[in-house]
Every structure is written in C-alpha cells, then in structure tokens.
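Here is the structure we will look at, set down as structure tokens.
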Amino acid sequence: MATPSYRDRMKAARAEARAQRLAHEQAWKRRAELMCEVRRLALDAVKAGIRARGDKVQHYLPVELQAQANAMIGPWLIAQARARVAERNLRHSSNAERPVAQALPVNLTHAQIGDAK
C-alpha cells in the first residue's frame, strides 16, 4: 500500500485536532454544569436554613447568601450534584419522542388551520 498523500495526512490531522477540541469542550461543559449545580444546591440549602430559623431570605444581601453557600460546599454536596446532573442527563437523553416542529403553510394562518380541524 502506498503512503497516504499530503492531502489525506492533513485531513486526518484536522479530524484528530477537531476530535480533541470537541472532547476538551465537552469536558469543560461538564465541569461548568457540575459547578453550577453545586452552587445552586448550596444556595438552596442556605435559604432553607434561613427559613428554618424563621428569618426571611429577603433580609440578607445576595453577597452574604453566596458567601454562606460557598462555605457550605464540600465533597458530599459535589457527590449529590453529580447524581442530580447524571439523573437529569439520563432523563433527557432517554426521551426518544421529541416534538417535531411543524411549519405553517405560507398562505394559511393559525385560525384557518384551527377551522379546518
């Protein structure tokens, strides 16, 4: 077999670089999603604690709430966030029936289509 041409080698190199870029981007998105979920869980826990004490959340500054939430972040909260993200992703990926976008014919309105039914 002959050695691949320059064009084929460059095509393969571009495909490999693209695959690496996509893998890196997906990993970054997974980390960002996890950290967002961790922060959301921590903030919800702080708000629940404030409500349990009988205080109102509105009496606290958002900066104070976020500082308390950041102090609360730990390995157990990260594990809980991972479980929630995995459950959510599994639920969305297993949803085989997705609504099909139906375009209206150019000359018909929603009212006319409703009358025809």
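Order determines the names: the first chain of the structure tokens is A, the second B, and so forth; residues in each chain are numbered 1 upward, and ligands are numbered 1 upward as they are shown.
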Shell around region 78-95 of chain A at 10 Å using only C-alpha atoms, local window under 3 positions removed, as a list of chain:residue names: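 Here the qualifying residues turn out to be A:Arg30, A:Glu33, A:Leu34, A:Met35, A:Cys36, A:Glu37, A:Val38, A:Arg39, A:Arg40, A:Leu41, A:Ala42, A:Ile73, A:Gly74, A:Pro75, A:Arg98.
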Emit the selected residues as a tab-separated table (two decimals), in the first residue's frame, including C-alpha atoms.
chain	number	residue	atom	x	y	z
A	30	ARG	CA	-19.50	19.04	32.11
A	33	GLU	CA	-22.59	22.23	34.64
A	34	LEU	CA	-21.42	20.42	37.77
A	35	MET	CA	-20.17	23.60	39.45
A	36	CYS	CA	-23.38	25.43	38.59
A	37	GLU	CA	-25.42	22.62	40.13
A	38	VAL	CA	-23.19	22.58	43.24
A	39	ARG	CA	-23.66	26.32	43.71
A	40	ARG	CA	-27.41	26.02	43.19
A	41	LEU	CA	-27.69	23.22	45.76
A	42	ALA	CA	-25.57	25.14	48.27
A	73	ILE	CA	-19.58	23.42	49.54
A	74	GLY	CA	-17.97	20.09	50.35
A	75	PRO	CA	-17.39	16.63	48.88
A	98	ARG	CA	-39.24	14.89	20.80
Could you give me, as a compact mmCIF listing (two decimals) with N, CA and C atoms, in the first residue's frame, the residues within 12 Å of Val46 (chain A), counting only C-alpha atoms and dropping anything in the same chain fewer than 2 positions from it?
# COMPACT_ATOMS: atom_id res chain seq x y z
N ARG A 39 -23.33 25.01 43.16
CA ARG A 39 -23.66 26.32 43.71
C ARG A 39 -25.16 26.47 43.95
N ARG A 40 -25.96 25.94 43.03
CA ARG A 40 -27.41 26.02 43.19
C ARG A 40 -27.86 25.24 44.42
N LEU A 41 -27.33 24.03 44.59
CA LEU A 41 -27.69 23.22 45.76
C LEU A 41 -27.27 23.90 47.06
N ALA A 42 -26.06 24.48 47.07
CA ALA A 42 -25.57 25.14 48.27
C ALA A 42 -26.44 26.36 48.60
N LEU A 43 -26.79 27.13 47.59
CA LEU A 43 -27.62 28.31 47.83
C LEU A 43 -29.02 27.92 48.30
N ASP A 44 -29.57 26.86 47.73
CA ASP A 44 -30.88 26.38 48.19
C ASP A 44 -30.82 25.91 49.64
N ALA A 48 -32.88 27.45 52.74
CA ALA A 48 -33.72 26.58 53.57
C ALA A 48 -33.35 26.72 55.04
N GLY A 49 -32.06 26.85 55.33
CA GLY A 49 -31.63 27.05 56.72
C GLY A 49 -32.12 28.36 57.29
N ILE A 50 -32.09 29.40 56.48
CA ILE A 50 -32.59 30.71 56.94
C ILE A 50 -34.08 30.63 57.22
N ARG A 51 -34.82 30.00 56.31
CA ARG A 51 -36.26 29.87 56.51
C ARG A 51 -36.59 29.01 57.74
N ALA A 52 -35.75 27.98 57.97
CA ALA A 52 -35.98 27.11 59.13
C ALA A 52 -35.80 27.87 60.45
N ARG A 53 -34.91 28.87 60.43
CA ARG A 53 -34.71 29.68 61.64
C ARG A 53 -35.84 30.69 61.84
N ASP A 55 -36.27 33.34 59.80
CA ASP A 55 -35.90 34.61 59.17
C ASP A 55 -36.41 34.64 57.74
N LYS A 56 -36.35 35.83 57.16
CA LYS A 56 -36.72 35.97 55.76
C LYS A 56 -35.45 36.08 54.92
N VAL A 57 -35.46 35.40 53.79
CA VAL A 57 -34.30 35.42 52.90
C VAL A 57 -34.07 36.83 52.36
N TYR A 60 -31.36 39.30 53.77
CA TYR A 60 -29.94 39.04 53.55
C TYR A 60 -29.53 39.56 52.19
N PRO A 62 -27.52 39.38 48.68
CA PRO A 62 -27.10 38.25 47.85
C PRO A 62 -25.63 37.85 48.06
N GLU A 64 -24.02 38.00 50.90
CA GLU A 64 -23.97 37.21 52.14
C GLU A 64 -24.44 35.79 51.89
N LEU A 65 -25.53 35.66 51.13
CA LEU A 65 -26.05 34.32 50.82
C LEU A 65 -25.02 33.51 50.06
N GLN A 66 -24.39 34.13 49.07
CA GLN A 66 -23.40 33.41 48.27
C GLN A 66 -22.18 33.04 49.10
N ALA A 67 -21.77 33.91 50.01
CA ALA A 67 -20.62 33.60 50.88
C ALA A 67 -20.93 32.39 51.77
N GLN A 68 -22.14 32.37 52.33
CA GLN A 68 -22.54 31.23 53.15
C GLN A 68 -22.62 29.95 52.32
N ALA A 69 -23.11 30.08 51.08
CA ALA A 69 -23.22 28.92 50.20
C ALA A 69 -21.83 28.39 49.83
N ASN A 70 -20.90 29.30 49.55
CA ASN A 70 -19.54 28.87 49.21
C ASN A 70 -18.87 28.16 50.38
N ALA A 71 -19.15 28.62 51.59
CA ALA A 71 -18.57 27.97 52.77
C ALA A 71 -19.16 26.58 52.98
N MET A 72 -20.35 26.36 52.45
CA MET A 72 -21.03 25.08 52.65
C MET A 72 -20.58 24.00 51.67
N ILE A 73 -19.95 24.38 50.58
CA ILE A 73 -19.58 23.42 49.54
C ILE A 73 -18.57 22.43 50.08
